[in-house]
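Asker: Here it is, the structure in full.
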Number of protein chains: 2
Amino acid sequence: MTRALTRKGEATRARIIAGAASEIRERGVDEVRLEDVMAHTGTSKGQLFHYFPDGKEGLLLAVAQHEADQVLSDQEPMLSNLTSWPAWLAWRDRLIERYLAQGVKCPLNGLLGQTGRRAPGAQAIVTGLMWRWQKAITEGIRHMQSTGDIDPGIDADRAAAALLAGIQGGVLLLLSTGKIDHLEAVLDLTIDSLRADARTGGS
Amino acid sequence: MTRALTRKGEATRARIIAGAASEIRERGVDEVRLEDVMAHTGTSKGQLFHYFPDGKEGLLLAVAQHEADQVLSDQEPMLSNLTSWPAWLAWRDRLIERYLAQGVKCPLNGLLGQTGRRAPGAQAIVTGLMWRWQKAITEGIRHMQSTGDIDPGIDADRAAAALLAGIQGGVLLLLSTGKIDHLEAVLDLTIDSLRADARTGGS
DNA sequence: ACGAAAATGGACCTGCAAGTCCAAAAACCG
DNA sequence: CGGTTTTTGGACTTGCAGGTCCATTTTCGT
């Protein structure tokens, strides 16, 4: 196979991805020229096309994957341990804190709308991210149902879908308005609603 | 003033905006060249820059405003008449129907992420759209509270913020995954939650 | 009808950013 | 070590899309 990557090469490749990702978060996909990436990572055009033969498209794809992974790992270990109400609140706090800190510089912003159009494969990456994300939430709900903290009658998948959508919309509105209020409202009200269902036994 | 626009001119200008909007919905902002707009609307380059002296940026801004208005007017008259539970469900159905029909060709997709970066003013347009949208929902909730159909104890603005975020996220996920499930789940569960609060009197 | 202002068509210019190419340097491996 | 492969630098090419310009036609107001 053509699988040949020196240790140094591996490092350079990683540096390019990380640098490009950072640059894109800062300025947006279509404001970032390959030249910017070169300057920011101390590389040459030859290197870019050496490690990403498909040019910008290939690079964007790699960046998209990098960012998608980051989004989830930033929520760990909370996201994978939604096993009690305090754990849910800790996860909530982590989300708020994270998005508040990053403000407008959101990797999702780049991934969706922008990268998605150019690189067809990026669509798949986003879909995969959402799927994994929702799956984690679903498992959290199921666990709470198994312990009786959430009414077993509700459809865990459907509830997770709604919560995930709320989060995405909250982040979107954070990007548009600069205010975190929507994200907060969604998280608090949705989680409250899950707790309420347990109390009232609403089917 | 330089305010001079013949009847014919007005028509041409409108045709350009409508055509550009359609083209952008179809292929995305950065896939649409001025040449495409010209071909699609039967206009010349001279006309484009005659009606939009700021070039592509100005045109995009006009398109953004056009699309933003469309988003809300598409929800009328339901959105402004959220005065009973059947009315809420009718609104819900209209939303589902509308977004199901338009599928991936979403004006918001163009407005956010893409137009937003290029034209600073587009950000303001999106913010304005969200604000008006949320205001309409808030008023719906307040009305239901006044008739006792929703518990007066809940924060109408906060609930509306959460619902709006859910809708945005639902649409976003529709764009990513092609499935309407998230939007449906958000609408149904959120509205159900509002009704439940009325029954249980949960504060 | 007629002069002024607006509308239209399209040739032309220009800058820029992606992509190509190759030659030199460094790393790898037995 | 020495041959081979990878890595690197950067000059050069190319295509294209946005923007400029102006000559011509149409519309408008009186």
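Quick note on naming: the chains in the structure tokens go A, B, ... in the order shown, residues restart at 1 in each chain, and ligands are numbered from 1 in order of appearance.
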Can you write out as a tab-separated table which residues of chain A fall within 10 Å of chain C, alongside each residue's closest atom pair and its distance in Å to one decimal, counting only C-alpha atoms (C1' of nucleotides) and ordering rows by chain and ascending residue number?
Answerer:
```
residue	atom	partner	partner_atom	distance
A:Thr6	CA	C:DA27	C1'	7.8
A:Arg7	CA	C:DA27	C1'	9.3
A:Lys8	CA	C:DA27	C1'	8.5
A:Gly9	CA	C:DA27	C1'	9.9
A:Arg33	CA	C:DA17	C1'	7.0
A:Leu34	CA	C:DA17	C1'	7.9
A:Glu35	CA	C:DA17	C1'	8.4
A:Lys45	CA	C:DG19	C1'	9.5
A:Gly46	CA	C:DC21	C1'	9.6
A:Phe49	CA	C:DG19	C1'	8.6
A:Asp54	CA	C:DG19	C1'	9.8
A:Gly55	CA	C:DG19	C1'	7.7
A:Lys56	CA	C:DA18	C1'	8.0
```
Asker: Once you have the residues from the selection above, write them out as a compact mmCIF listing (two decimals), in the first residue's frame, restricted to N, CA and C atoms.
Answerer:
```txt
# COMPACT_ATOMS: atom_id res chain seq x y z
N THR A 6 6.44 8.82 7.83
CA THR A 6 7.49 8.94 8.83
C THR A 6 6.94 9.55 10.12
N ARG A 7 7.69 9.35 11.21
CA ARG A 7 7.24 9.94 12.46
C ARG A 7 7.11 11.46 12.29
N LYS A 8 8.09 12.02 11.64
CA LYS A 8 8.07 13.46 11.40
C LYS A 8 6.87 13.85 10.52
N GLY A 9 6.64 13.00 9.53
CA GLY A 9 5.52 13.27 8.64
C GLY A 9 4.20 13.27 9.39
N ARG A 33 -7.52 30.86 3.69
CA ARG A 33 -6.81 30.44 2.47
C ARG A 33 -5.75 29.42 2.87
N LEU A 34 -5.35 28.62 1.93
CA LEU A 34 -4.29 27.67 2.21
C LEU A 34 -3.06 28.41 2.70
N GLU A 35 -2.85 29.61 2.16
CA GLU A 35 -1.71 30.41 2.57
C GLU A 35 -1.75 30.70 4.07
N LYS A 45 3.50 24.99 0.68
CA LYS A 45 2.44 24.48 -0.18
C LYS A 45 2.72 23.03 -0.58
N GLY A 46 3.97 22.74 -0.81
CA GLY A 46 4.33 21.37 -1.16
C GLY A 46 3.88 20.38 -0.10
N PHE A 49 -0.03 19.74 -0.09
CA PHE A 49 -0.52 18.83 -1.12
C PHE A 49 0.14 17.46 -1.02
N ASP A 54 -5.84 15.57 -2.16
CA ASP A 54 -7.08 16.10 -2.71
C ASP A 54 -7.22 17.59 -2.44
N GLY A 55 -6.15 18.18 -1.98
CA GLY A 55 -6.16 19.63 -1.77
C GLY A 55 -7.04 20.08 -0.63
N LYS A 56 -7.63 21.21 -0.81
CA LYS A 56 -8.40 21.83 0.27
C LYS A 56 -9.53 20.91 0.73
```
Asker: Could you list the residues in chain D lying within 10 Å of chain A, using only C-alpha atoms (C1' of nucleotides), and format the result as a list in words?
Answerer: DT5, DT6, DT7, DT8, DG9 and DG10 of chain D
Asker: With the cut-off set at 9 Å and counting only C-alpha atoms, tabulate each residue of chain A with an atom at most that distance from an atom of chain B, showing the nearest atom pair and its distance in Å to one decimal, ordered by chain and increasing number, as a Markdown table.
Answerer:
```
| residue | atom | partner | partner_atom | distance |
| --- | --- | --- | --- | --- |
| A:Arg27 | CA | B:Arg117 | CA | 8.4 |
| A:Gly28 | CA | B:Arg117 | CA | 7.2 |
| A:Asp30 | CA | B:Gln114 | CA | 8.6 |
| A:Glu31 | CA | B:Arg117 | CA | 8.5 |
| A:Asn109 | CA | B:Gly113 | CA | 5.8 |
| A:Gly110 | CA | B:Gly113 | CA | 7.1 |
| A:Leu112 | CA | B:Gly113 | CA | 7.5 |
| A:Gly113 | CA | B:Gly113 | CA | 5.5 |
| A:Gln114 | CA | B:Gln114 | CA | 6.2 |
| A:Gly116 | CA | B:Ser176 | CA | 8.6 |
| A:Arg117 | CA | B:Gly28 | CA | 7.1 |
| A:Arg118 | CA | B:Glu31 | CA | 8.6 |
| A:Gln123 | CA | B:Ser176 | CA | 6.5 |
| A:Ala124 | CA | B:Ser176 | CA | 8.3 |
| A:Val126 | CA | B:Ser176 | CA | 6.8 |
| A:Thr127 | CA | B:Thr177 | CA | 5.8 |
| A:Met130 | CA | B:Leu173 | CA | 8.2 |
| A:Arg158 | CA | B:Ala185 | CA | 5.9 |
| A:Ala159 | CA | B:Ala185 | CA | 7.1 |
| A:Ala160 | CA | B:Ala185 | CA | 8.9 |
| A:Ala161 | CA | B:His182 | CA | 5.3 |
| A:Ala162 | CA | B:Val186 | CA | 4.4 |
| A:Leu163 | CA | B:Val186 | CA | 7.5 |
| A:Leu164 | CA | B:Gly169 | CA | 7.6 |
| A:Ala165 | CA | B:Gly169 | CA | 4.2 |
| A:Gly166 | CA | B:Gly166 | CA | 3.9 |
| A:Ile167 | CA | B:Gly169 | CA | 6.9 |
| A:Gln168 | CA | B:Gly169 | CA | 4.6 |
| A:Gly169 | CA | B:Gly169 | CA | 3.7 |
| A:Gly170 | CA | B:Ala165 | CA | 5.0 |
| A:Val171 | CA | B:Ala165 | CA | 8.3 |
| A:Leu172 | CA | B:Gln168 | CA | 7.5 |
| A:Leu173 | CA | B:Ala165 | CA | 6.9 |
| A:Leu175 | CA | B:Leu112 | CA | 8.9 |
| A:Ser176 | CA | B:Thr127 | CA | 6.0 |
| A:Thr177 | CA | B:Thr127 | CA | 5.8 |
| A:Asp181 | CA | B:Ala161 | CA | 7.6 |
| A:His182 | CA | B:Ala161 | CA | 5.3 |
| A:Leu183 | CA | B:Ala165 | CA | 7.4 |
| A:Glu184 | CA | B:Ala162 | CA | 8.2 |
| A:Ala185 | CA | B:Ala162 | CA | 5.2 |
| A:Val186 | CA | B:Ala162 | CA | 4.4 |
| A:Leu187 | CA | B:Ala162 | CA | 8.2 |
| A:Leu189 | CA | B:Ala162 | CA | 7.4 |
| A:Thr190 | CA | B:Thr190 | CA | 8.2 |
| A:Ser193 | CA | B:Ser193 | CA | 6.8 |
| A:Ala196 | CA | B:Gly202 | CA | 8.3 |
| A:Thr200 | CA | B:Thr200 | CA | 8.0 |
| A:Gly202 | CA | B:Ala196 | CA | 8.3 |
```
Asker: Just the number, please: distance in Å from atom CA of Asp151 of chain B to atom CA of Gly148 of chain A, one decimal.
Answerer: 26.8 Å
Asker: List every residue of segment 49-190 of chain B that DSSP, applied to the backbone, labels as helix (DSSP H, G or I), and write the result as a PyMOL selection string.
Answerer: chain B and resi 49-51+56-73+85-102+107-118+120-146+156-177+181-190
Asker: Near Ala21 of chain A, counting only C-alpha atoms (C1' of nucleotides), which residues have an atom at most 9 Å away, once you skip same-chain residues fewer than 5 positions from it, shown as an NGL selection string?
Answerer: :A and (16 or 26 or 60 or 63-64 or 66-67 or 107)
Asker: Any idea what the distance is between atom CA of Arg98 of chain B and atom CA of Gln75 of chain B?
Answerer: 8.6 Å
Asker: Grab the atom CA of Leu61 of chain B to atom CA of Glu139 of chain B distance for me, in Å with one decimal place.
Answerer: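 Answer for the atom CA of Leu61 of chain B to atom CA of Glu139 of chain B separation: 28.8 Å.
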